[in-house]
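*Asks:* Got a structure for you, questions after.
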Amino acid sequence: MNVNFNDLRLFIQTVEHGGISSAAAANNLQRSKISRRLQELEAALGCQLLIRTTRTIELTEKGKQLYEIASQPIARLEQGIGVFSEQQHSLTGTVRIAIPTAIMTLSAFKEIITKYTSRFPNISVEIENHQESVDLKRQAFDLQILPSVVKVSDDSYIQFSLLSYRSHLVASKSYLAEHPPISSMEDLKSHRLLTNRYNASLIPSELHVSVKSDDLTLLRTMALDGNGIAFIPEAHSRKAIEDGLLVEVMPCFEYPDHQVTLIYPSAFFLPEKIKILIDLFREYF
């Protein structure tokens with residue numbers, strides 16, 4: 001680590017003046033020079049400190065932490081900078097993941113979290129249920145996993161596909177025996193349809209959805225109990241079909257594939273503990 005304390009002073013000035021332009025004016029420097037020095041400070045520390053917008057700046061969680069450290073006397077400041085840099089490489093602290101219910105119940109996700117927490121007992125993993133894209137930087141999340149149908153809130157985020165998945169219509173044999181036969185989409189008008197928010201857009205608008213839930217286990221259970229036809233990912237119905245508890249409805253009709261996408265704020269400044277977790281997701285998916 002080689003932190004330039006002049007760069008640190010400019011960081012403090014930027015925070016206290018509320019922006020790069022104001023800090024540049026106060027220090028009689030060009031805006032571009034301060035911006036470059038701040039980038040060098042981030043590179044030296046190995047993390048992003050500021051969220052830059054057209055008119056203002058915001059501090060990331062790391063930026064807030066550094067600003068608090070930087071207001072200390074110089075001896076404590078040097079010690080704090082050393083600890084700050086070590087955090088990027090240590091396998092301790094907290095990892096925050098945002099993930100929707102539908103993906104949270106996948107066995108692969110459970111295996112990843114179990115393996116990760118077993119290998120690194122000093123890391124605390126916080127998992128929050130979020131169905132839509134979150135602001136990773138402002139809300140201090142390290143990773144988010146979402147279906148590709150959801151628009152990501154920031155185009156600058158790194159996104160890559162973990163896997164493709166397909167959904168299909170399934171029902172119990174008892175439900176199909178007690179209700180009118182189905183050979184076309186038109187026939188589904190007289191049936192109860194069960195689906196989640198991500199699949200709902202694939203269902204023709206003239207069809208009525210009786211239940212829309214983010215809980216895929218609930219939808220599968222309702223189908224097993226004969227309460228309707230579930231439109232759910234194949235991974236959530238495969239075992240029930242193999243066991244003869246559910247059957248596929250209109251198997252010749254294929255819906256478009258979706259992708260499960262892993263999202264993180266930047267390819268730069270990734271702490272070692274996040275790199276390891278990303279590698280695990282790639283391995284298991």
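In the structure tokens, chains take letters A, B, ... by order of appearance, with residues numbered from 1 within each chain and ligands from 1 in the order shown.
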List the neighbours of segment 141-147 of chain A out to 7 Å using only C-alpha atoms; skip same-chain residues closer than 4 positions along the sequence, and give me the result as a PDB file with C-alpha atoms, in the first residue's frame.
*Replies:*
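Below is the file out-v5.pdb, written as the result:
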ATOM      1  CA  VAL A  95     -20.635 -10.052   2.787  1.00  0.00           C
ATOM      2  CA  ARG A  96     -24.075  -8.757   1.753  1.00  0.00           C
ATOM      3  CA  ILE A  97     -26.127 -10.493  -0.941  1.00  0.00           C
ATOM      4  CA  ALA A  98     -29.477  -9.415  -2.426  1.00  0.00           C
ATOM      5  CA  ILE A  99     -31.464 -12.274  -3.946  1.00  0.00           C
ATOM      6  CA  PRO A 100     -35.117 -12.984  -4.817  1.00  0.00           C
ATOM      7  CA  LEU A 136     -25.500  -1.917  -4.781  1.00  0.00           C
ATOM      8  CA  LYS A 137     -23.218   1.006  -3.945  1.00  0.00           C
ATOM      9  CA  HIS A 258     -34.438 -16.918 -18.983  1.00  0.00           C
ATOM     10  CA  GLN A 259     -31.012 -16.294 -17.474  1.00  0.00           C
ATOM     11  CA  VAL A 260     -29.969 -16.122 -13.836  1.00  0.00           C
ATOM     12  CA  THR A 261     -27.561 -13.175 -13.648  1.00  0.00           C
ATOM     13  CA  LEU A 262     -24.888 -12.375 -11.073  1.00  0.00           C
ATOM     14  CA  ILE A 263     -24.368  -8.632 -10.573  1.00  0.00           C
ATOM     15  CA  TYR A 264     -21.688  -6.674  -8.716  1.00  0.00           C
TER      16      TYR A 264
END
*Asks:* Sorted by chain and rising residue number, list the residues of segment 151-191 of chain A at most 9 Å from segment 200-214 of chain A (counting only C-alpha atoms), each with its closest atom pair and distance in Å to one decimal, as JSON lines.
*Replies:*
{"residue": "A:Met185", "atom": "CA", "partner": "A:Pro204", "partner_atom": "CA", "distance": 8.4}
{"residue": "A:Glu186", "atom": "CA", "partner": "A:Leu207", "partner_atom": "CA", "distance": 8.3}
{"residue": "A:Leu188", "atom": "CA", "partner": "A:Leu207", "partner_atom": "CA", "distance": 7.0}
{"residue": "A:Lys189", "atom": "CA", "partner": "A:Leu207", "partner_atom": "CA", "distance": 5.5}
{"residue": "A:Ser190", "atom": "CA", "partner": "A:His208", "partner_atom": "CA", "distance": 8.8}
{"residue": "A:His191", "atom": "CA", "partner": "A:His208", "partner_atom": "CA", "distance": 8.3}
*Asks:* Produce a file of the selected residues containing all heavy atoms, as a tab-separated table (two decimals), in the first residue's frame.
*Replies:*
chain	number	residue	atom	x	y	z
A	185	MET	N	-53.74	-22.84	-25.87
A	185	MET	CA	-53.76	-21.72	-24.94
A	185	MET	C	-55.19	-21.26	-24.66
A	185	MET	O	-55.52	-20.85	-23.55
A	185	MET	CB	-52.94	-20.55	-25.50
A	185	MET	CG	-51.45	-20.72	-25.32
A	185	MET	SD	-50.99	-20.57	-23.58
A	185	MET	CE	-49.24	-21.01	-23.68
A	186	GLU	N	-56.02	-21.34	-25.64
A	186	GLU	CA	-57.42	-20.95	-25.49
A	186	GLU	C	-58.10	-21.75	-24.39
A	186	GLU	O	-58.91	-21.23	-23.61
A	186	GLU	CB	-58.15	-21.14	-26.82
A	186	GLU	CG	-59.61	-20.70	-26.82
A	186	GLU	CD	-59.78	-19.20	-26.76
A	186	GLU	OE1	-58.80	-18.47	-27.05
A	186	GLU	OE2	-60.89	-18.75	-26.41
A	188	LEU	N	-56.87	-22.78	-21.68
A	188	LEU	CA	-56.42	-22.38	-20.34
A	188	LEU	C	-57.32	-21.31	-19.72
A	188	LEU	O	-57.23	-21.04	-18.52
A	188	LEU	CB	-54.98	-21.86	-20.39
A	188	LEU	CG	-53.89	-22.91	-20.65
A	188	LEU	CD1	-52.54	-22.23	-20.83
A	188	LEU	CD2	-53.81	-23.91	-19.50
A	189	LYS	N	-58.19	-20.72	-20.51
A	189	LYS	CA	-59.09	-19.68	-19.98
A	189	LYS	C	-60.01	-20.22	-18.90
A	189	LYS	O	-60.48	-19.46	-18.05
A	189	LYS	CB	-59.92	-19.07	-21.11
A	189	LYS	CG	-59.12	-18.19	-22.06
A	189	LYS	CD	-60.02	-17.56	-23.12
A	189	LYS	CE	-59.25	-16.62	-24.02
A	189	LYS	NZ	-60.12	-16.01	-25.06
A	190	SER	N	-60.28	-21.50	-18.93
A	190	SER	CA	-61.19	-22.09	-17.94
A	190	SER	C	-60.43	-22.75	-16.79
A	190	SER	O	-61.01	-23.55	-16.04
A	190	SER	CB	-62.09	-23.12	-18.62
A	190	SER	OG	-61.31	-24.14	-19.24
A	191	HIS	N	-59.16	-22.43	-16.63
A	191	HIS	CA	-58.35	-23.05	-15.57
A	191	HIS	C	-57.72	-22.00	-14.67
A	191	HIS	O	-57.55	-20.83	-15.05
A	191	HIS	CB	-57.26	-23.92	-16.20
A	191	HIS	CG	-57.77	-25.14	-16.87
A	191	HIS	ND1	-57.88	-26.35	-16.23
A	191	HIS	CD2	-58.22	-25.34	-18.13
A	191	HIS	CE1	-58.37	-27.26	-17.07
A	191	HIS	NE2	-58.59	-26.66	-18.23
*Asks:* Any chance you could list, as a PDB file with N, CA and C atoms, in the first residue's frame, the residues in segment 19-192 of chain A that come up strand (DSSP E or B) when DSSP is run on the backbone?
*Replies:*
ATOM      1  N   LEU A  50     -16.075   7.033  -3.769  1.00  0.00           N
ATOM      2  CA  LEU A  50     -17.092   8.014  -4.139  1.00  0.00           C
ATOM      3  C   LEU A  50     -17.990   7.482  -5.241  1.00  0.00           C
ATOM      4  N   ILE A  51     -19.262   7.856  -5.170  1.00  0.00           N
ATOM      5  CA  ILE A  51     -20.200   7.640  -6.268  1.00  0.00           C
ATOM      6  C   ILE A  51     -20.336   8.990  -6.966  1.00  0.00           C
ATOM      7  N   ARG A  52     -19.857   9.066  -8.189  1.00  0.00           N
ATOM      8  CA  ARG A  52     -19.833  10.335  -8.907  1.00  0.00           C
ATOM      9  C   ARG A  52     -21.072  10.484  -9.769  1.00  0.00           C
ATOM     10  N   ILE A  57     -21.399  14.355  -5.428  1.00  0.00           N
ATOM     11  CA  ILE A  57     -20.727  13.089  -5.094  1.00  0.00           C
ATOM     12  C   ILE A  57     -21.390  12.508  -3.848  1.00  0.00           C
ATOM     13  N   GLU A  58     -21.348  11.199  -3.734  1.00  0.00           N
ATOM     14  CA  GLU A  58     -21.807  10.514  -2.532  1.00  0.00           C
ATOM     15  C   GLU A  58     -20.715   9.587  -2.071  1.00  0.00           C
ATOM     16  N   LEU A  59     -20.645   9.366  -0.784  1.00  0.00           N
ATOM     17  CA  LEU A  59     -19.654   8.447  -0.233  1.00  0.00           C
ATOM     18  C   LEU A  59     -20.193   7.019  -0.251  1.00  0.00           C
ATOM     19  N   GLY A  93     -15.049 -10.055   8.220  1.00  0.00           N
ATOM     20  CA  GLY A  93     -16.035  -9.004   7.951  1.00  0.00           C
ATOM     21  C   GLY A  93     -17.346  -9.561   7.449  1.00  0.00           C
ATOM     22  N   THR A  94     -18.063  -8.751   6.687  1.00  0.00           N
ATOM     23  CA  THR A  94     -19.421  -9.086   6.258  1.00  0.00           C
ATOM     24  C   THR A  94     -19.534  -9.065   4.735  1.00  0.00           C
ATOM     25  N   VAL A  95     -20.283 -10.019   4.204  1.00  0.00           N
ATOM     26  CA  VAL A  95     -20.635 -10.052   2.787  1.00  0.00           C
ATOM     27  C   VAL A  95     -22.151  -9.924   2.691  1.00  0.00           C
ATOM     28  N   ARG A  96     -22.637  -8.985   1.875  1.00  0.00           N
ATOM     29  CA  ARG A  96     -24.075  -8.757   1.753  1.00  0.00           C
ATOM     30  C   ARG A  96     -24.552  -9.137   0.355  1.00  0.00           C
ATOM     31  N   ILE A  97     -25.589  -9.984   0.313  1.00  0.00           N
ATOM     32  CA  ILE A  97     -26.127 -10.493  -0.941  1.00  0.00           C
ATOM     33  C   ILE A  97     -27.614 -10.174  -1.021  1.00  0.00           C
ATOM     34  N   ALA A  98     -28.049  -9.646  -2.161  1.00  0.00           N
ATOM     35  CA  ALA A  98     -29.477  -9.415  -2.426  1.00  0.00           C
ATOM     36  C   ALA A  98     -29.939 -10.472  -3.431  1.00  0.00           C
ATOM     37  N   ILE A  99     -31.026 -11.156  -3.102  1.00  0.00           N
ATOM     38  CA  ILE A  99     -31.464 -12.274  -3.946  1.00  0.00           C
ATOM     39  C   ILE A  99     -32.971 -12.463  -3.813  1.00  0.00           C
ATOM     40  N   ILE A 123     -16.160 -14.868   8.329  1.00  0.00           N
ATOM     41  CA  ILE A 123     -16.954 -13.987   7.467  1.00  0.00           C
ATOM     42  C   ILE A 123     -18.434 -14.178   7.788  1.00  0.00           C
ATOM     43  N   SER A 124     -19.116 -13.076   7.987  1.00  0.00           N
ATOM     44  CA  SER A 124     -20.564 -13.115   8.217  1.00  0.00           C
ATOM     45  C   SER A 124     -21.280 -12.811   6.899  1.00  0.00           C
ATOM     46  N   VAL A 125     -22.213 -13.677   6.515  1.00  0.00           N
ATOM     47  CA  VAL A 125     -22.956 -13.495   5.268  1.00  0.00           C
ATOM     48  C   VAL A 125     -24.371 -13.013   5.588  1.00  0.00           C
ATOM     49  N   GLU A 126     -24.734 -11.850   5.040  1.00  0.00           N
ATOM     50  CA  GLU A 126     -26.089 -11.326   5.203  1.00  0.00           C
ATOM     51  C   GLU A 126     -26.829 -11.477   3.878  1.00  0.00           C
ATOM     52  N   ILE A 127     -27.966 -12.167   3.895  1.00  0.00           N
ATOM     53  CA  ILE A 127     -28.746 -12.431   2.690  1.00  0.00           C
ATOM     54  C   ILE A 127     -30.095 -11.746   2.840  1.00  0.00           C
ATOM     55  N   GLU A 128     -30.401 -10.830   1.924  1.00  0.00           N
ATOM     56  CA  GLU A 128     -31.675 -10.114   1.975  1.00  0.00           C
ATOM     57  C   GLU A 128     -32.520 -10.452   0.754  1.00  0.00           C
ATOM     58  N   ASN A 129     -33.806 -10.534   0.971  1.00  0.00           N
ATOM     59  CA  ASN A 129     -34.760 -10.867  -0.086  1.00  0.00           C
ATOM     60  C   ASN A 129     -35.134  -9.604  -0.859  1.00  0.00           C
ATOM     61  N   LEU A 143     -23.132  -8.242  -3.795  1.00  0.00           N
ATOM     62  CA  LEU A 143     -23.600  -9.006  -4.949  1.00  0.00           C
ATOM     63  C   LEU A 143     -25.119  -8.991  -4.995  1.00  0.00           C
ATOM     64  N   GLN A 144     -25.653  -9.133  -6.202  1.00  0.00           N
ATOM     65  CA  GLN A 144     -27.081  -9.415  -6.344  1.00  0.00           C
ATOM     66  C   GLN A 144     -27.258 -10.469  -7.422  1.00  0.00           C
ATOM     67  N   ILE A 145     -28.258 -11.326  -7.228  1.00  0.00           N
ATOM     68  CA  ILE A 145     -28.608 -12.336  -8.224  1.00  0.00           C
ATOM     69  C   ILE A 145     -30.047 -12.078  -8.645  1.00  0.00           C
ATOM     70  N   LEU A 146     -30.278 -12.018  -9.965  1.00  0.00           N
ATOM     71  CA  LEU A 146     -31.607 -11.706 -10.487  1.00  0.00           C
ATOM     72  C   LEU A 146     -31.848 -12.461 -11.791  1.00  0.00           C
ATOM     73  N   PRO A 147     -33.116 -12.733 -12.105  1.00  0.00           N
ATOM     74  CA  PRO A 147     -33.435 -13.218 -13.454  1.00  0.00           C
ATOM     75  C   PRO A 147     -33.159 -12.108 -14.471  1.00  0.00           C
ATOM     76  N   ILE A 158     -21.269  -4.784 -13.290  1.00  0.00           N
ATOM     77  CA  ILE A 158     -20.819  -5.988 -13.991  1.00  0.00           C
ATOM     78  C   ILE A 158     -21.919  -7.041 -13.894  1.00  0.00           C
ATOM     79  N   GLN A 159     -22.272  -7.629 -15.040  1.00  0.00           N
ATOM     80  CA  GLN A 159     -23.322  -8.653 -15.079  1.00  0.00           C
ATOM     81  C   GLN A 159     -22.838  -9.833 -15.919  1.00  0.00           C
ATOM     82  N   PHE A 160     -23.025 -11.028 -15.400  1.00  0.00           N
ATOM     83  CA  PHE A 160     -22.790 -12.187 -16.253  1.00  0.00           C
ATOM     84  C   PHE A 160     -23.760 -13.301 -15.895  1.00  0.00           C
ATOM     85  N   SER A 161     -24.056 -14.093 -16.896  1.00  0.00           N
ATOM     86  CA  SER A 161     -25.062 -15.143 -16.748  1.00  0.00           C
ATOM     87  C   SER A 161     -24.484 -16.354 -16.022  1.00  0.00           C
ATOM     88  N   LEU A 162     -25.218 -16.819 -15.019  1.00  0.00           N
ATOM     89  CA  LEU A 162     -24.816 -18.029 -14.293  1.00  0.00           C
ATOM     90  C   LEU A 162     -25.393 -19.276 -14.946  1.00  0.00           C
ATOM     91  N   LEU A 163     -26.647 -19.193 -15.393  1.00  0.00           N
ATOM     92  CA  LEU A 163     -27.274 -20.348 -16.027  1.00  0.00           C
ATOM     93  C   LEU A 163     -28.517 -19.914 -16.789  1.00  0.00           C
ATOM     94  N   SER A 164     -28.931 -20.763 -17.701  1.00  0.00           N
ATOM     95  CA  SER A 164     -30.203 -20.583 -18.416  1.00  0.00           C
ATOM     96  C   SER A 164     -31.239 -21.494 -17.771  1.00  0.00           C
ATOM     97  N   TYR A 165     -32.478 -21.052 -17.770  1.00  0.00           N
ATOM     98  CA  TYR A 165     -33.544 -21.927 -17.250  1.00  0.00           C
ATOM     99  C   TYR A 165     -34.816 -21.705 -18.055  1.00  0.00           C
ATOM    100  N   SER A 167     -39.170 -22.365 -18.085  1.00  0.00           N
ATOM    101  CA  SER A 167     -40.364 -22.641 -17.287  1.00  0.00           C
ATOM    102  C   SER A 167     -41.376 -23.426 -18.115  1.00  0.00           C
ATOM    103  N   HIS A 168     -42.269 -24.119 -17.425  1.00  0.00           N
ATOM    104  CA  HIS A 168     -43.315 -24.866 -18.115  1.00  0.00           C
ATOM    105  C   HIS A 168     -44.556 -24.964 -17.231  1.00  0.00           C
ATOM    106  N   LEU A 169     -45.644 -25.420 -17.820  1.00  0.00           N
ATOM    107  CA  LEU A 169     -46.911 -25.587 -17.111  1.00  0.00           C
ATOM    108  C   LEU A 169     -46.994 -26.996 -16.543  1.00  0.00           C
ATOM    109  N   VAL A 170     -47.345 -27.094 -15.258  1.00  0.00           N
ATOM    110  CA  VAL A 170     -47.474 -28.403 -14.619  1.00  0.00           C
ATOM    111  C   VAL A 170     -48.733 -28.438 -13.756  1.00  0.00           C
ATOM    112  N   ALA A 171     -49.285 -29.636 -13.596  1.00  0.00           N
ATOM    113  CA  ALA A 171     -50.480 -29.822 -12.759  1.00  0.00           C
ATOM    114  C   ALA A 171     -50.486 -31.256 -12.241  1.00  0.00           C
TER     115      ALA A 171
END
*Asks:* Between A:Pro251, A:Ala102, A:Val150, A:Ile113, single out the one closest to His236 of chain A, counting only C-alpha atoms.
*Replies:*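 Nearest candidate to His236 of chain A out of A:Pro251, A:Ala102, A:Val150, A:Ile113: A:Ala102.
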*Asks:* Pick from A:Val149, A:Leu91, A:Met250, A:Val134: nearest to Leu277 of chain A, with only C-alpha atoms counted?
*Replies:*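 Among A:Val149, A:Leu91, A:Met250, A:Val134, it is A:Leu91 that comes nearest to Leu277 of chain A.
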*Asks:* Which residues come within 12 Å of Leu10 of chain A, counting only C-alpha atoms, excluding same-chain residues fewer than 2 positions away, as a ChimeraX atom specification?
*Replies:* /A:4-8,12-29,31,33-41,67,70
*Asks:* One decimal, Å: what's the distance from atom CA of Asn227 of chain A over to atom CA of Ser184 of chain A, could you say?
*Replies:* 19.9 Å
*Asks:* So that I can see what lies close to Val247 of chain A, please list as a ChimeraX atom specification the residues with an atom at most 12 Å from it, counting only C-alpha atoms and leaving out residues fewer than 3 positions away in the same chain.
*Replies:* /A:168-177,220,223-224,226,229-231,234,237-244,250-251
*Asks:* Just the number, please: distance in Å from atom CA of Pro271 of chain A to atom CA of Arg9 of chain A, one decimal.
*Replies:* 24.3 Å
*Asks:* Write out as an NGL selection string all residues of segment 67-276 of chain A that DSSP puts in helix (DSSP H, G or I) for this structure's backbone.
*Replies:* :A and (67-70 or 74-87 or 101-104 or 107-119 or 173-178 or 185-190 or 197-200 or 216-224 or 234-242 or 272-276)
*Asks:* Hey, can you check how far atom CA of Ser183 of chain A sits from atom CA of Val249 of chain A?
*Replies:*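 Here the two named atoms are 8.5 Å from each other.
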*Asks:* Find, counting only C-alpha atoms, the residue in A:Phe269, A:Arg282, A:Thr60, A:Pro256 that gets nearest to Ala44 of chain A.
*Replies:* A:Phe269
